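Only one structure is covered here, and it is reproduced in the block below.
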Amino acid sequence: MSEPHRITAGFLPLLDSALLVVAREKGFARMEGVDLVLVRENSWASIRDRLAVGHFNVAHMLAPMPIACNLGLSPLAAKTIAPMALGLGGNAVTVSLDVWRSMRNHGAATDFNPVSTGAALREVIVERARNGGRPLHFAVVHPHSGHNYELRYWLSASGIDPDADIEIVILPPPFMADALASGHIDGYCVGEPWNTAAVMKAVGRIVTVKAAIWKSSPEKVLGVAAPWAEANEKALSALLRALCRAAQWCGTPANHDELALLLSSQIYVDCPAEWLLPALQGVIAAGEGENVAVADFFVPHAKAATFPWKSHALWFYSQMARWGQVTANTAHEEIARNTYRPDLYRAALKVLGVALPGANAKVEGALQTATPVGSAGASLVLGPDGFFDGKVFDPERIGDYLPG
Amino acid sequence: MTGGPLSILVIDENRIRAAIIEAGLREAGHERVTLVHDITGIARQIAEIEPDVIVIDLENPNRDMLENMFQLSRAVKRPIAMFVDRSDAASIEAAVDAGVSAYVVDGLRKERVKPILEMAISRFNAFSRMARELEEARSELANRKLIDRAKGILMKSRGLSEAAAYALLRKTAMNQNRKISDIAQSLITAEGLLVPESGEGT
């Protein structure tokens, strides 16, 4: 057998680093001839920098990050591609117990319904402003993150202006629960297990989830240094196959206990294994002893969860434009579209006989129920994928989607 | 801001390393150096200090927050970019290798900033070397203790001399292609399992 491909990957301690961790720990990488080295980092900035200078070949990345890099929105921009997604969903919005009490007084539902909790939060914010209280502070992990965009989406669809009515700050995921407990922030949107962390410490209440704001929505991708990808086509293909098998393993319910244990290790997420189980099992401990079942809370494999849809890239681009991070024009749109590389995904995974979507993009939010779609390899079911406010994102008509 | 003394902010949770950087900057003639160890209230501090250059350790978990603040916060009156010069790939690489990053206000001449970055890089490297040597010395000491304990076990249980006990450990390590300290650790673990704890089974 030829020399294994040595690939170094950076990751942050989050549930959705699972695909990388499992690819290494369960031998899927080795099976594909990949010696996968995992390096835990403390910030997305570090991931980006170390990818840029070649310490890392690939990395666990926020799905909008490679787009932001290619658009030159980051301080140290190196060309980055996303040939694979690392699952769908996985985030939630948590608020302090104080804010939750006020939300309950304004009729917030306890089942994560974003319409109800959004309306209640709006009442709380109006009431605070009337009483001269300081605006609520919400934390997200990065300005170019699914968390920032879905929090803003939920708030503004609920009649809250995220730039005027509240303040959005940036915090590292593992610090969120403690910042909430100490009163530095009043709420946050983060990936698991850092919402469950607040519930387990009895300092917060989960009020809604990513899977309710936008069903089957993208969250992390495998970011790959573009020059490395070009020079190491075979190694990258082998890694994508290993990650696909890892995703399949992660999506198998019988493996969830083992997965939680694996991720809980000090070298990975470094938290109690029980904190990881709610997200894997789709039964979220909301706080005050209440459990809420959430369909598709975190989807690592089914529903083409690892396919890098260009419509996902374009939705993130639309949100960058919406919130003033980038000027909307066709050149920028093109950069966003070309960052995601379904062609590389298909080329690598064809031999596995897994379901490969026939299209590169889809209308987001159009599927009300699980729907069979055209695919190669194996049959494929997508959705439901609706936005909670019923809006639809057509990647062919971004101009109509953006406010004038 | 073209000719006056530069205001430099060093953010590092590691106080020793921060002090080493500060000393270097002062030796190089920079008078306006501020050290920050705790990130709480950093926005207000930045507004007060109005730094031209910010040096921060790469491992700092708050870098995402800081970068976001540099880009849009009201506290930062002038835009702050990362590193001296994006086109200077060698400097960027050396900085990331050393574990340091620098943010610089736009418009500052690179000749003025480059020596600061170079100094930070060399001091960061020196600090890592020092920390590594310290760690090596520490584990060397720990290993020696393990080996001493393992020798004691062999001397007691097999009636060997100290030299013979050590030779046996060394030979086993060589045969198994492992470190002597690993063999010592295994022996200590095995002994712990074999010898009944006091009070157990009596």
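Residues are referred to by chain and number: the chain letter is A, B, ... according to the order shown in the structure tokens, the number counts from 1 in that chain, and ligands are numbered separately from 1 in the order shown.
Near chain A, counting only C-alpha atoms at 8 Å, the chain B residues are B:Leu58, B:Glu59, B:Asn60, B:Pro61, B:Asn62, B:Arg63, B:Asp64, B:Met65, B:Asn68, B:Ala81, B:Met82, B:Arg86, B:Ile92, B:Glu93, B:Val96.
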Mind checking which residues fall within 12 Å of A:Gly251, counting only C-alpha atoms, ignoring those fewer than 5 positions away in the same chain, and posting them as a list in words?
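That gives Asp16, Ala18, Leu19, Val22, Leu86, Gly87, Leu88, Cys244, Arg245, Ala246, His256, Asp257, Leu259, Ala279, Leu280, Gln281, Gly282, Asp296, Phe297, Phe298, Val299, Pro300, His301, Ala302, Lys303, Ala304, Ala305 and Thr306 of chain A.
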B:Ala126: which residues within 10 Å, counting only C-alpha atoms, same-chain residues fewer than 5 positions away excluded, as a ChimeraX atom specification?
/B:17,20,98,120-121,131-132
Would you list, as a PyMOL selection string, the residues of stretch 58-216 of chain A that end up in strand (DSSP E or B) under DSSP run on this structure's backbone?
chain A and resi 58-62+80-85+88-89+91-96+137-140+167-170+187-191+204-209+214
Can you tell me, as number ranges by chain, which residues in stretch 12-86 of chain B count as helix (DSSP H, G or I) by DSSP?
B: 15-27, 42-49, 63-72
Dump as a compact mmCIF listing (two decimals), in the first residue's frame, selection limited to N, CA, C and O atoms:
```
# COMPACT_ATOMS: atom_id res chain seq x y z
N ARG B 15 0.94 36.48 31.79
CA ARG B 15 1.58 37.70 32.29
C ARG B 15 3.07 37.73 32.05
O ARG B 15 3.65 38.78 31.79
N ILE B 16 3.70 36.56 32.15
CA ILE B 16 5.16 36.52 31.98
C ILE B 16 5.51 36.89 30.55
O ILE B 16 6.37 37.73 30.29
N ARG B 17 4.79 36.26 29.61
CA ARG B 17 5.08 36.54 28.21
C ARG B 17 4.80 38.02 27.90
O ARG B 17 5.58 38.67 27.20
N ALA B 18 3.70 38.53 28.43
CA ALA B 18 3.37 39.94 28.20
C ALA B 18 4.49 40.85 28.71
O ALA B 18 4.87 41.83 28.06
N ALA B 19 5.02 40.49 29.87
CA ALA B 19 6.09 41.31 30.45
C ALA B 19 7.35 41.26 29.58
O ALA B 19 8.05 42.26 29.42
N ILE B 20 7.61 40.09 29.01
CA ILE B 20 8.78 39.94 28.14
C ILE B 20 8.64 40.80 26.88
O ILE B 20 9.58 41.47 26.44
N ILE B 21 7.43 40.82 26.34
CA ILE B 21 7.16 41.65 25.16
C ILE B 21 7.33 43.13 25.52
O ILE B 21 7.95 43.91 24.80
N GLU B 22 6.74 43.49 26.65
CA GLU B 22 6.78 44.89 27.06
C GLU B 22 8.23 45.36 27.22
O GLU B 22 8.61 46.43 26.75
N ALA B 23 9.04 44.50 27.87
CA ALA B 23 10.44 44.86 28.08
C ALA B 23 11.12 45.09 26.74
O ALA B 23 11.87 46.06 26.57
N GLY B 24 10.84 44.22 25.79
CA GLY B 24 11.44 44.35 24.46
C GLY B 24 11.05 45.65 23.79
O GLY B 24 11.88 46.33 23.18
N LEU B 25 9.77 45.99 23.92
CA LEU B 25 9.28 47.21 23.29
C LEU B 25 9.92 48.44 23.93
O LEU B 25 10.30 49.39 23.24
N ARG B 26 10.06 48.41 25.23
CA ARG B 26 10.65 49.56 25.93
C ARG B 26 12.13 49.70 25.57
O ARG B 26 12.62 50.81 25.35
N GLU B 27 12.81 48.54 25.49
CA GLU B 27 14.22 48.58 25.08
C GLU B 27 14.36 49.19 23.70
O GLU B 27 15.34 49.87 23.41
N ILE B 42 -12.59 45.57 27.48
CA ILE B 42 -11.53 45.90 26.53
C ILE B 42 -11.95 47.04 25.58
O ILE B 42 -11.11 47.86 25.19
N ALA B 43 -13.24 47.11 25.25
CA ALA B 43 -13.70 48.15 24.32
C ALA B 43 -13.40 49.54 24.87
O ALA B 43 -12.88 50.41 24.18
N ARG B 44 -13.71 49.71 26.16
CA ARG B 44 -13.48 51.00 26.79
C ARG B 44 -11.98 51.32 26.81
O ARG B 44 -11.55 52.44 26.52
N GLN B 45 -11.18 50.31 27.12
CA GLN B 45 -9.73 50.52 27.18
C GLN B 45 -9.17 50.91 25.82
O GLN B 45 -8.32 51.79 25.72
N ILE B 46 -9.67 50.25 24.79
CA ILE B 46 -9.18 50.58 23.44
C ILE B 46 -9.56 52.01 23.09
O ILE B 46 -8.78 52.75 22.49
N ALA B 47 -10.77 52.41 23.49
CA ALA B 47 -11.21 53.77 23.22
C ALA B 47 -10.30 54.79 23.92
O ALA B 47 -9.97 55.84 23.37
N GLU B 48 -9.86 54.45 25.12
CA GLU B 48 -8.99 55.35 25.88
C GLU B 48 -7.57 55.39 25.33
O GLU B 48 -6.97 56.44 25.18
N ILE B 49 -7.04 54.20 25.05
CA ILE B 49 -5.63 54.09 24.66
C ILE B 49 -5.42 54.52 23.21
O ILE B 49 -4.36 55.03 22.86
N ARG B 63 -10.19 36.32 20.23
CA ARG B 63 -9.79 37.01 19.01
C ARG B 63 -10.97 37.30 18.08
O ARG B 63 -11.00 38.33 17.43
N ASP B 64 -11.95 36.40 18.02
CA ASP B 64 -13.10 36.65 17.15
C ASP B 64 -13.84 37.90 17.61
O ASP B 64 -14.29 38.71 16.81
N MET B 65 -13.96 38.01 18.93
CA MET B 65 -14.64 39.18 19.50
C MET B 65 -13.86 40.45 19.17
O MET B 65 -14.43 41.45 18.76
N LEU B 66 -12.53 40.39 19.35
CA LEU B 66 -11.70 41.57 19.10
C LEU B 66 -11.75 41.99 17.63
O LEU B 66 -11.93 43.16 17.31
N GLU B 67 -11.64 41.01 16.74
CA GLU B 67 -11.65 41.34 15.32
C GLU B 67 -12.97 41.99 14.92
O GLU B 67 -13.01 42.95 14.16
N ASN B 68 -14.05 41.46 15.48
CA ASN B 68 -15.35 42.04 15.19
C ASN B 68 -15.41 43.48 15.67
O ASN B 68 -15.90 44.37 14.99
N MET B 69 -14.83 43.71 16.85
CA MET B 69 -14.83 45.05 17.42
C MET B 69 -13.98 46.00 16.57
O MET B 69 -14.36 47.13 16.32
N PHE B 70 -12.83 45.51 16.11
CA PHE B 70 -11.97 46.35 15.29
C PHE B 70 -12.70 46.79 14.02
O PHE B 70 -12.49 47.87 13.52
N GLN B 71 -13.55 45.88 13.51
CA GLN B 71 -14.18 46.17 12.23
C GLN B 71 -15.33 47.14 12.34
O GLN B 71 -15.57 47.91 11.44
N LEU B 72 -16.07 47.08 13.44
CA LEU B 72 -17.26 47.93 13.42
C LEU B 72 -17.58 48.68 14.69
O LEU B 72 -18.53 49.43 14.75
```
Shell around A:Ala211 at 8 Å using only C-alpha atoms, local window under 5 positions removed, as a PDB file with N, CA, C and O atoms, in the first residue's frame:
```pdb
ATOM      1  N   GLY A  89     -28.202  21.751  10.867  1.00  0.00           N
ATOM      2  CA  GLY A  89     -28.772  22.068  12.181  1.00  0.00           C
ATOM      3  C   GLY A  89     -27.733  22.044  13.293  1.00  0.00           C
ATOM      4  O   GLY A  89     -26.532  22.163  13.038  1.00  0.00           O
ATOM      5  N   GLY A  90     -28.212  21.883  14.535  1.00  0.00           N
ATOM      6  CA  GLY A  90     -27.305  21.740  15.667  1.00  0.00           C
ATOM      7  C   GLY A  90     -27.235  22.937  16.596  1.00  0.00           C
ATOM      8  O   GLY A  90     -26.592  22.864  17.634  1.00  0.00           O
ATOM      9  N   ASN A  91     -27.894  24.055  16.236  1.00  0.00           N
ATOM     10  CA  ASN A  91     -27.820  25.256  17.074  1.00  0.00           C
ATOM     11  C   ASN A  91     -29.127  25.489  17.826  1.00  0.00           C
ATOM     12  O   ASN A  91     -30.167  24.940  17.478  1.00  0.00           O
ATOM     13  N   SER A 216     -33.680  21.923   8.250  1.00  0.00           N
ATOM     14  CA  SER A 216     -32.629  21.377   7.363  1.00  0.00           C
ATOM     15  C   SER A 216     -31.685  22.476   6.873  1.00  0.00           C
ATOM     16  O   SER A 216     -31.408  22.584   5.688  1.00  0.00           O
ATOM     17  N   SER A 217     -31.213  23.279   7.793  1.00  0.00           N
ATOM     18  CA  SER A 217     -30.374  24.404   7.356  1.00  0.00           C
ATOM     19  C   SER A 217     -28.893  24.138   7.615  1.00  0.00           C
ATOM     20  O   SER A 217     -28.522  23.415   8.531  1.00  0.00           O
ATOM     21  N   VAL A 294     -37.382  17.452  19.039  1.00  0.00           N
ATOM     22  CA  VAL A 294     -37.179  18.296  17.861  1.00  0.00           C
ATOM     23  C   VAL A 294     -36.789  17.403  16.685  1.00  0.00           C
ATOM     24  O   VAL A 294     -35.756  16.732  16.725  1.00  0.00           O
ATOM     25  N   ALA A 295     -37.628  17.391  15.652  1.00  0.00           N
ATOM     26  CA  ALA A 295     -37.296  16.602  14.467  1.00  0.00           C
ATOM     27  C   ALA A 295     -36.085  17.222  13.784  1.00  0.00           C
ATOM     28  O   ALA A 295     -35.997  18.443  13.663  1.00  0.00           O
ATOM     29  N   ASP A 296     -35.141  16.386  13.363  1.00  0.00           N
ATOM     30  CA  ASP A 296     -33.961  16.848  12.623  1.00  0.00           C
ATOM     31  C   ASP A 296     -33.185  17.938  13.353  1.00  0.00           C
ATOM     32  O   ASP A 296     -32.731  18.899  12.732  1.00  0.00           O
ATOM     33  N   PHE A 297     -33.024  17.811  14.661  1.00  0.00           N
ATOM     34  CA  PHE A 297     -32.267  18.848  15.388  1.00  0.00           C
ATOM     35  C   PHE A 297     -30.848  18.951  14.838  1.00  0.00           C
ATOM     36  O   PHE A 297     -30.358  20.044  14.540  1.00  0.00           O
ATOM     37  N   PHE A 298     -30.186  17.796  14.726  1.00  0.00           N
ATOM     38  CA  PHE A 298     -28.850  17.760  14.113  1.00  0.00           C
ATOM     39  C   PHE A 298     -28.836  16.573  13.165  1.00  0.00           C
ATOM     40  O   PHE A 298     -29.096  15.442  13.564  1.00  0.00           O
TER      41      PHE A 298
END
```
Identify, on the basis of only C-alpha atoms, every residue whose closest approach to stretch 154-159 of chain A does not exceed 9 Å; exclude the query and any residue fewer than 4 positions from it along the same chain; express the result as a ChimeraX atom specification.
/A:114-119,121-122,149-150,213,388-389
Counting only C-alpha atoms, which of A:Leu97, A:Ala366, A:Leu263, A:Ala82 gets nearest to A:Asp343?
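Among the listed residues, A:Ala82 lies closest to A:Asp343.
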